[in-house]
>>> print(open('my_file.csv').read())   # CSV, N, CA and C atoms
chain,number,residue,atom,x,y,z
A,1,MET,N,-37.1,5.0,1.6
A,1,MET,CA,-36.3,4.8,0.5
A,1,MET,C,-35.7,6.2,0.1
A,2,PRO,N,-34.4,6.3,-0.1
A,2,PRO,CA,-33.8,7.6,-0.4
A,2,PRO,C,-34.3,8.1,-1.8
A,3,SER,N,-34.2,9.4,-1.9
A,3,SER,CA,-34.5,10.0,-3.2
A,3,SER,C,-33.4,9.8,-4.2
A,4,ASP,N,-33.7,9.9,-5.5
A,4,ASP,CA,-32.6,9.9,-6.5
A,4,ASP,C,-31.6,11.0,-6.2
A,5,ALA,N,-32.0,12.1,-5.9
A,5,ALA,CA,-31.1,13.3,-5.7
A,5,ALA,C,-30.1,13.0,-4.5
A,6,GLN,N,-30.7,12.5,-3.4
A,6,GLN,CA,-29.8,12.2,-2.3
A,6,GLN,C,-28.8,11.2,-2.6
A,7,PHE,N,-29.2,10.1,-3.2
A,7,PHE,CA,-28.3,9.0,-3.5
A,7,PHE,C,-27.2,9.5,-4.5
A,8,ALA,N,-27.6,10.2,-5.5
A,8,ALA,CA,-26.7,10.7,-6.5
A,8,ALA,C,-25.7,11.7,-5.9
A,9,ALA,N,-26.2,12.5,-5.0
A,9,ALA,CA,-25.3,13.5,-4.4
A,9,ALA,C,-24.2,12.9,-3.6
A,10,LEU,N,-24.6,11.8,-2.9
A,10,LEU,CA,-23.6,11.1,-2.1
A,10,LEU,C,-22.6,10.2,-2.8
A,11,THR,N,-23.1,9.6,-3.9
A,11,THR,CA,-22.3,8.5,-4.5
A,11,THR,C,-21.7,8.8,-5.9
A,12,GLU,N,-22.2,9.7,-6.6
A,12,GLU,CA,-21.8,9.9,-8.0
A,12,GLU,C,-20.4,10.3,-8.2
A,13,GLN,N,-19.9,11.0,-7.2
A,13,GLN,CA,-18.5,11.5,-7.3
A,13,GLN,C,-17.5,10.4,-7.2
A,14,PHE,N,-17.9,9.2,-6.8
A,14,PHE,CA,-16.9,8.1,-6.7
A,14,PHE,C,-16.9,7.2,-7.9
A,15,ARG,N,-17.8,7.4,-8.9
A,15,ARG,CA,-17.9,6.6,-10.0
A,15,ARG,C,-16.6,6.4,-10.8
A,16,PRO,N,-15.8,7.4,-11.1
A,16,PRO,CA,-14.5,7.2,-11.8
A,16,PRO,C,-13.5,6.3,-11.1
A,17,GLU,N,-13.4,6.6,-9.8
A,17,GLU,CA,-12.5,5.7,-9.0
A,17,GLU,C,-12.9,4.3,-8.8
A,18,LEU,N,-14.2,4.1,-8.7
A,18,LEU,CA,-14.8,2.8,-8.7
A,18,LEU,C,-14.5,2.0,-10.0
A,19,LEU,N,-14.6,2.7,-11.1
A,19,LEU,CA,-14.4,2.1,-12.4
A,19,LEU,C,-12.9,1.7,-12.5
A,20,ALA,N,-12.0,2.5,-12.0
A,20,ALA,CA,-10.6,2.2,-12.0
A,20,ALA,C,-10.3,1.0,-11.0
A,21,HIS,N,-11.0,1.0,-9.9
A,21,HIS,CA,-10.8,-0.1,-8.9
A,21,HIS,C,-11.3,-1.5,-9.5
A,22,CYS,N,-12.5,-1.4,-10.2
A,22,CYS,CA,-13.0,-2.7,-10.8
A,22,CYS,C,-12.1,-3.1,-12.0
A,23,TYR,N,-11.6,-2.1,-12.7
A,23,TYR,CA,-10.7,-2.5,-13.8
A,23,TYR,C,-9.5,-3.2,-13.3
A,24,ARG,N,-8.9,-2.7,-12.3
A,24,ARG,CA,-7.7,-3.3,-11.7
A,24,ARG,C,-8.0,-4.8,-11.3
A,25,ILE,N,-9.2,-5.0,-10.8
A,25,ILE,CA,-9.5,-6.4,-10.3
A,25,ILE,C,-9.8,-7.3,-11.5
A,26,LEU,N,-10.6,-6.8,-12.5
A,26,LEU,CA,-11.1,-7.6,-13.5
A,26,LEU,C,-10.2,-7.7,-14.8
A,27,GLY,N,-9.5,-6.6,-15.1
A,27,GLY,CA,-8.6,-6.5,-16.2
A,27,GLY,C,-9.4,-6.3,-17.5
A,28,SER,N,-10.6,-5.9,-17.5
A,28,SER,CA,-11.4,-5.6,-18.6
A,28,SER,C,-12.2,-4.3,-18.4
A,29,ILE,N,-12.1,-3.3,-19.2
A,29,ILE,CA,-12.9,-2.1,-19.0
A,29,ILE,C,-14.4,-2.3,-19.2
A,30,HIS,N,-14.7,-3.2,-20.1
A,30,HIS,CA,-16.2,-3.5,-20.3
A,30,HIS,C,-16.8,-4.2,-19.1
A,31,ASP,N,-16.1,-5.2,-18.6
A,31,ASP,CA,-16.5,-5.9,-17.4
A,31,ASP,C,-16.6,-4.9,-16.2
A,32,ALA,N,-15.6,-4.0,-16.1
A,32,ALA,CA,-15.5,-3.0,-15.0
A,32,ALA,C,-16.7,-2.1,-15.1
A,33,GLU,N,-17.1,-1.6,-16.3
A,33,GLU,CA,-18.2,-0.8,-16.4
A,33,GLU,C,-19.5,-1.5,-16.0
A,34,ASP,N,-19.6,-2.7,-16.4
A,34,ASP,CA,-20.8,-3.5,-15.9
A,34,ASP,C,-20.9,-3.7,-14.4
A,35,LEU,N,-19.7,-3.9,-13.8
A,35,LEU,CA,-19.7,-4.1,-12.4
A,35,LEU,C,-19.9,-2.8,-11.6
A,36,VAL,N,-19.5,-1.7,-12.1
A,36,VAL,CA,-19.8,-0.4,-11.5
A,36,VAL,C,-21.3,-0.2,-11.5
A,37,GLN,N,-21.9,-0.5,-12.6
A,37,GLN,CA,-23.4,-0.4,-12.6
A,37,GLN,C,-24.0,-1.3,-11.6
A,38,GLU,N,-23.5,-2.6,-11.5
A,38,GLU,CA,-24.0,-3.5,-10.5
A,38,GLU,C,-23.8,-3.0,-9.1
A,39,THR,N,-22.6,-2.4,-8.9
A,39,THR,CA,-22.3,-1.8,-7.6
A,39,THR,C,-23.4,-0.7,-7.2
A,40,TYR,N,-23.7,0.2,-8.2
A,40,TYR,CA,-24.6,1.2,-7.9
A,40,TYR,C,-26.0,0.7,-7.7
A,41,MET,N,-26.4,-0.4,-8.4
A,41,MET,CA,-27.7,-1.0,-8.1
A,41,MET,C,-27.7,-1.6,-6.7
A,42,ARG,N,-26.7,-2.3,-6.3
A,42,ARG,CA,-26.7,-2.9,-5.0
A,42,ARG,C,-26.7,-1.8,-3.9
A,43,ALA,N,-25.9,-0.8,-4.2
A,43,ALA,CA,-25.9,0.3,-3.2
A,43,ALA,C,-27.2,1.0,-3.1
A,44,TRP,N,-27.9,1.2,-4.2
A,44,TRP,CA,-29.2,1.8,-4.2
A,44,TRP,C,-30.2,1.0,-3.4
A,45,ARG,N,-30.2,-0.3,-3.6
A,45,ARG,CA,-31.1,-1.2,-2.9
A,45,ARG,C,-30.8,-1.2,-1.4
A,46,ALA,N,-29.5,-1.1,-1.0
A,46,ALA,CA,-29.2,-1.2,0.4
A,46,ALA,C,-29.0,0.2,1.1
A,47,PHE,N,-29.2,1.3,0.4
A,47,PHE,CA,-29.0,2.6,0.9
A,47,PHE,C,-29.9,2.9,2.1
A,48,GLY,N,-31.0,2.4,2.2
A,48,GLY,CA,-31.9,2.6,3.3
A,48,GLY,C,-31.3,2.0,4.6
A,49,GLY,N,-30.5,1.0,4.5
A,49,GLY,CA,-29.9,0.3,5.6
A,49,GLY,C,-28.5,0.8,5.9
A,50,PHE,N,-28.0,1.8,5.2
A,50,PHE,CA,-26.7,2.3,5.4
A,50,PHE,C,-26.8,3.2,6.7
A,51,GLU,N,-26.0,2.8,7.7
A,51,GLU,CA,-26.0,3.4,9.0
A,51,GLU,C,-25.0,4.5,9.1
A,52,GLY,N,-24.1,4.7,8.2
A,52,GLY,CA,-23.2,5.8,8.3
A,52,GLY,C,-22.0,5.5,9.3
A,53,ARG,N,-21.8,4.2,9.7
A,53,ARG,CA,-20.7,3.9,10.5
A,53,ARG,C,-19.4,4.0,9.8
A,54,SER,N,-19.4,4.0,8.5
A,54,SER,CA,-18.2,4.2,7.7
A,54,SER,C,-18.6,5.3,6.6
A,55,SER,N,-17.6,5.7,5.9
A,55,SER,CA,-17.8,6.7,4.8
A,55,SER,C,-18.6,6.0,3.7
A,56,VAL,N,-19.3,6.8,2.9
A,56,VAL,CA,-20.0,6.3,1.7
A,56,VAL,C,-19.0,5.7,0.8
A,57,ARG,N,-17.8,6.3,0.6
A,57,ARG,CA,-16.7,5.9,-0.3
A,57,ARG,C,-16.3,4.4,0.1
A,58,ARG,N,-16.0,4.2,1.4
A,58,ARG,CA,-15.6,2.9,1.8
A,58,ARG,C,-16.7,1.9,1.6
A,59,TRP,N,-17.9,2.3,1.9
A,59,TRP,CA,-19.1,1.4,1.7
A,59,TRP,C,-19.2,1.0,0.2
A,60,LEU,N,-19.1,1.9,-0.7
A,60,LEU,CA,-19.1,1.6,-2.1
A,60,LEU,C,-18.0,0.7,-2.6
A,61,TYR,N,-16.8,1.0,-2.0
A,61,TYR,CA,-15.6,0.1,-2.4
A,61,TYR,C,-15.9,-1.3,-1.9
A,62,LYS,N,-16.4,-1.5,-0.8
A,62,LYS,CA,-16.7,-2.8,-0.3
A,62,LYS,C,-17.7,-3.5,-1.2
A,63,ILE,N,-18.8,-2.8,-1.6
A,63,ILE,CA,-19.8,-3.4,-2.5
A,63,ILE,C,-19.1,-3.7,-3.8
A,64,ALA,N,-18.3,-2.8,-4.4
A,64,ALA,CA,-17.7,-3.0,-5.7
A,64,ALA,C,-16.7,-4.2,-5.6
A,65,THR,N,-15.9,-4.3,-4.6
A,65,THR,CA,-15.0,-5.4,-4.4
A,65,THR,C,-15.7,-6.7,-4.4
A,66,MET,N,-16.7,-6.8,-3.6
A,66,MET,CA,-17.5,-8.1,-3.5
A,66,MET,C,-18.1,-8.4,-4.8
A,67,ALA,N,-18.7,-7.5,-5.5
A,67,ALA,CA,-19.3,-7.7,-6.8
A,67,ALA,C,-18.2,-8.2,-7.8
A,68,CYS,N,-17.0,-7.6,-7.8
A,68,CYS,CA,-16.0,-8.1,-8.7
A,68,CYS,C,-15.5,-9.5,-8.4
A,69,LEU,N,-15.3,-9.8,-7.1
A,69,LEU,CA,-14.9,-11.1,-6.7
A,69,LEU,C,-15.9,-12.2,-7.1
A,70,THR,N,-17.1,-11.8,-6.9
A,70,THR,CA,-18.2,-12.8,-7.3
A,70,THR,C,-18.2,-13.0,-8.8
A,71,ALA,N,-18.0,-11.9,-9.6
A,71,ALA,CA,-17.9,-12.1,-11.0
A,71,ALA,C,-16.7,-12.9,-11.4
A,72,LEU,N,-15.6,-12.7,-10.8
A,72,LEU,CA,-14.4,-13.6,-11.1
A,72,LEU,C,-14.6,-15.0,-10.8
A,73,GLN,N,-15.3,-15.3,-9.7
A,73,GLN,CA,-15.6,-16.7,-9.4
A,73,GLN,C,-16.5,-17.4,-10.4
A,74,THR,N,-17.5,-16.6,-10.9
A,74,THR,CA,-18.5,-17.3,-11.7
A,74,THR,C,-18.1,-17.2,-13.2
A,75,ARG,N,-17.2,-16.4,-13.6
A,75,ARG,CA,-16.8,-16.3,-15.0
A,75,ARG,C,-15.9,-17.5,-15.4
A,76,SER,N,-16.1,-18.0,-16.6
A,76,SER,CA,-15.3,-19.1,-17.0
A,76,SER,C,-13.9,-18.7,-17.4
A,77,ARG,N,-13.0,-19.6,-17.4
A,77,ARG,CA,-11.7,-19.3,-17.8
A,77,ARG,C,-11.5,-18.7,-19.2
A,78,ARG,N,-10.6,-17.8,-19.3
A,78,ARG,CA,-10.4,-17.2,-20.7
A,78,ARG,C,-9.7,-18.3,-21.5
A,79,PRO,N,-10.2,-18.4,-22.8
A,79,PRO,CA,-9.5,-19.4,-23.7
A,79,PRO,C,-8.1,-18.9,-24.1
A,80,LEU,N,-7.2,-19.8,-24.2
A,80,LEU,CA,-5.9,-19.4,-24.6
A,80,LEU,C,-5.9,-19.4,-26.2
A,81,PRO,N,-5.0,-18.6,-26.7
A,81,PRO,CA,-4.9,-18.5,-28.2
A,81,PRO,C,-4.6,-19.9,-28.8
A,82,SER,N,-5.2,-20.2,-29.9
A,82,SER,CA,-4.9,-21.5,-30.5
A,82,SER,C,-4.4,-21.2,-32.0
A,83,GLY,N,-3.9,-22.2,-32.6
A,83,GLY,CA,-3.5,-22.1,-34.0
A,83,GLY,C,-2.2,-21.4,-34.2
A,84,LEU,N,-1.4,-21.2,-33.1
A,84,LEU,CA,-0.1,-20.5,-33.2
A,84,LEU,C,1.0,-21.5,-33.7
A,85,GLY,N,0.8,-22.7,-33.6
A,85,GLY,CA,1.8,-23.7,-34.0
A,85,GLY,C,1.4,-25.1,-33.5
A,86,ALA,N,2.1,-26.1,-34.0
A,86,ALA,CA,1.9,-27.5,-33.7
A,86,ALA,C,2.4,-27.7,-32.3
A,87,PRO,N,1.9,-28.7,-31.6
A,87,PRO,CA,2.4,-29.1,-30.3
A,87,PRO,C,3.9,-29.5,-30.4
A,88,GLU,N,4.6,-29.2,-29.4
A,88,GLU,CA,6.1,-29.4,-29.4
A,88,GLU,C,6.5,-30.1,-28.1
A,89,ASP,N,7.3,-31.1,-28.2
A,89,ASP,CA,7.8,-31.8,-27.0
A,89,ASP,C,8.8,-31.0,-26.2
A,90,ASP,N,9.6,-30.2,-26.9
A,90,ASP,CA,10.7,-29.5,-26.3
A,90,ASP,C,10.1,-28.1,-25.9
A,91,HIS,N,10.1,-27.8,-24.6
A,91,HIS,CA,9.5,-26.6,-24.1
A,91,HIS,C,10.3,-25.3,-24.4
A,92,ARG,N,11.5,-25.5,-24.9
A,92,ARG,CA,12.4,-24.4,-25.2
A,92,ARG,C,12.1,-23.8,-26.6
A,93,VAL,N,11.4,-24.6,-27.4
A,93,VAL,CA,11.1,-24.1,-28.8
A,93,VAL,C,10.0,-23.1,-28.7
A,94,ALA,N,10.2,-22.0,-29.5
A,94,ALA,CA,9.2,-20.9,-29.5
A,94,ALA,C,7.8,-21.5,-30.0
A,95,VAL,N,6.8,-20.9,-29.5
A,95,VAL,CA,5.4,-21.3,-30.0
A,95,VAL,C,5.2,-21.1,-31.4
A,96,ALA,N,5.6,-19.9,-31.9
A,96,ALA,CA,5.5,-19.5,-33.3
A,96,ALA,C,6.6,-18.5,-33.6
A,97,PRO,N,7.0,-18.5,-34.9
A,97,PRO,CA,8.0,-17.6,-35.2
A,97,PRO,C,7.5,-16.1,-35.1
A,98,ARG,N,8.3,-15.2,-34.7
A,98,ARG,CA,7.9,-13.8,-34.6
A,98,ARG,C,7.7,-13.2,-35.9
A,99,GLU,N,6.5,-12.7,-36.1
A,99,GLU,CA,6.2,-12.0,-37.4
A,99,GLU,C,5.7,-10.6,-37.1
A,100,PRO,N,6.3,-9.6,-37.8
A,100,PRO,CA,5.9,-8.2,-37.5
A,100,PRO,C,4.4,-8.0,-38.0
A,101,SER,N,3.8,-8.9,-38.7
A,101,SER,CA,2.5,-8.7,-39.2
A,101,SER,C,1.4,-8.9,-38.1
A,102,ALA,N,1.8,-9.6,-37.0
A,102,ALA,CA,0.9,-9.8,-35.9
A,102,ALA,C,1.2,-8.7,-34.8
A,103,GLY,N,0.8,-7.5,-35.1
A,103,GLY,CA,1.1,-6.4,-34.2
A,103,GLY,C,0.3,-6.4,-32.9
A,104,TRP,N,-0.8,-7.1,-32.9
A,104,TRP,CA,-1.7,-7.1,-31.7
A,104,TRP,C,-1.1,-8.0,-30.7
A,105,LEU,N,-0.1,-8.8,-31.0
A,105,LEU,CA,0.5,-9.6,-29.9
A,105,LEU,C,1.5,-8.8,-29.2
>>> encode(input="my_file.csv", output="structure tokens")
Amino acid sequence: MPSDAQFAALTEQFRPELLAHCYRILGSIHDAEDLVQETYMRAWRAFGGFEGRSSVRRWLYKIATMACLTALQTRSRRPLPSGLGAPEDDHRVAVAPREPSAGWL
């Protein structure tokens, strides 16, 4: 089993770019942070079997990508906003009138 110092020395430099990679896949910084932690846990467990046939960076990206894709498959669909207006038969009608008070939209 590798020591903490060996593993950290080889992998810690890639944490910011792995966070950006996971964020691009997931679209949520909170989910991305969780998946980077999951990536490092998976990498730590598998580090003894890392043969060095690829770079550590590429190996971590592969683990992160697979973790993100698995998370996307298992996560439920995001709910759509509701209460913006009544159902409308004509698709050209706006969902709700534009109001400057709803700045978050």
>>> atom_distance(input="my_file.csv", atom1="CA of Ile63 in chain A", atom2="atom C of His30 in chain A")
16.9 Å
>>> closest_residue(input="my_file.csv", among="A:Arg15, A:Arg53, A:Arg58, A:Arg24", to="Tyr40 in chain A", atoms="only C-alpha atoms")
A:Arg15
>>> residues_around(input="my_file.csv", residues="Ala67 in chain A", least_positions_apart="3", cutoff="7 Å", atoms="only C-alpha atoms", output="ChimeraX atom specification")
/A:35,39,63-64,70-71
>>> select_by_dssp(input="my_file.csv", residues="range 19-66 of chain A", states="helix (DSSP H, G or I)", output="MDAnalysis selection string")
chainID A and resid 19:26 29:49 56:66
>>> atom_distance(input="my_file.csv", atom1="atom C of Lys62 in chain A", atom2="atom N of Ala43 in chain A")
9.1 Å
>>> closest_residue(input="my_file.csv", among="A:Gly48, A:Ser55, A:Leu18, A:Glu12", to="Val36 in chain A", atoms="all atoms listed in the file")
A:Leu18
>>> atom_distance(input="my_file.csv", atom1="CA of Ile25 in chain A", atom2="CA of Arg45 in chain A")
23.4 Å
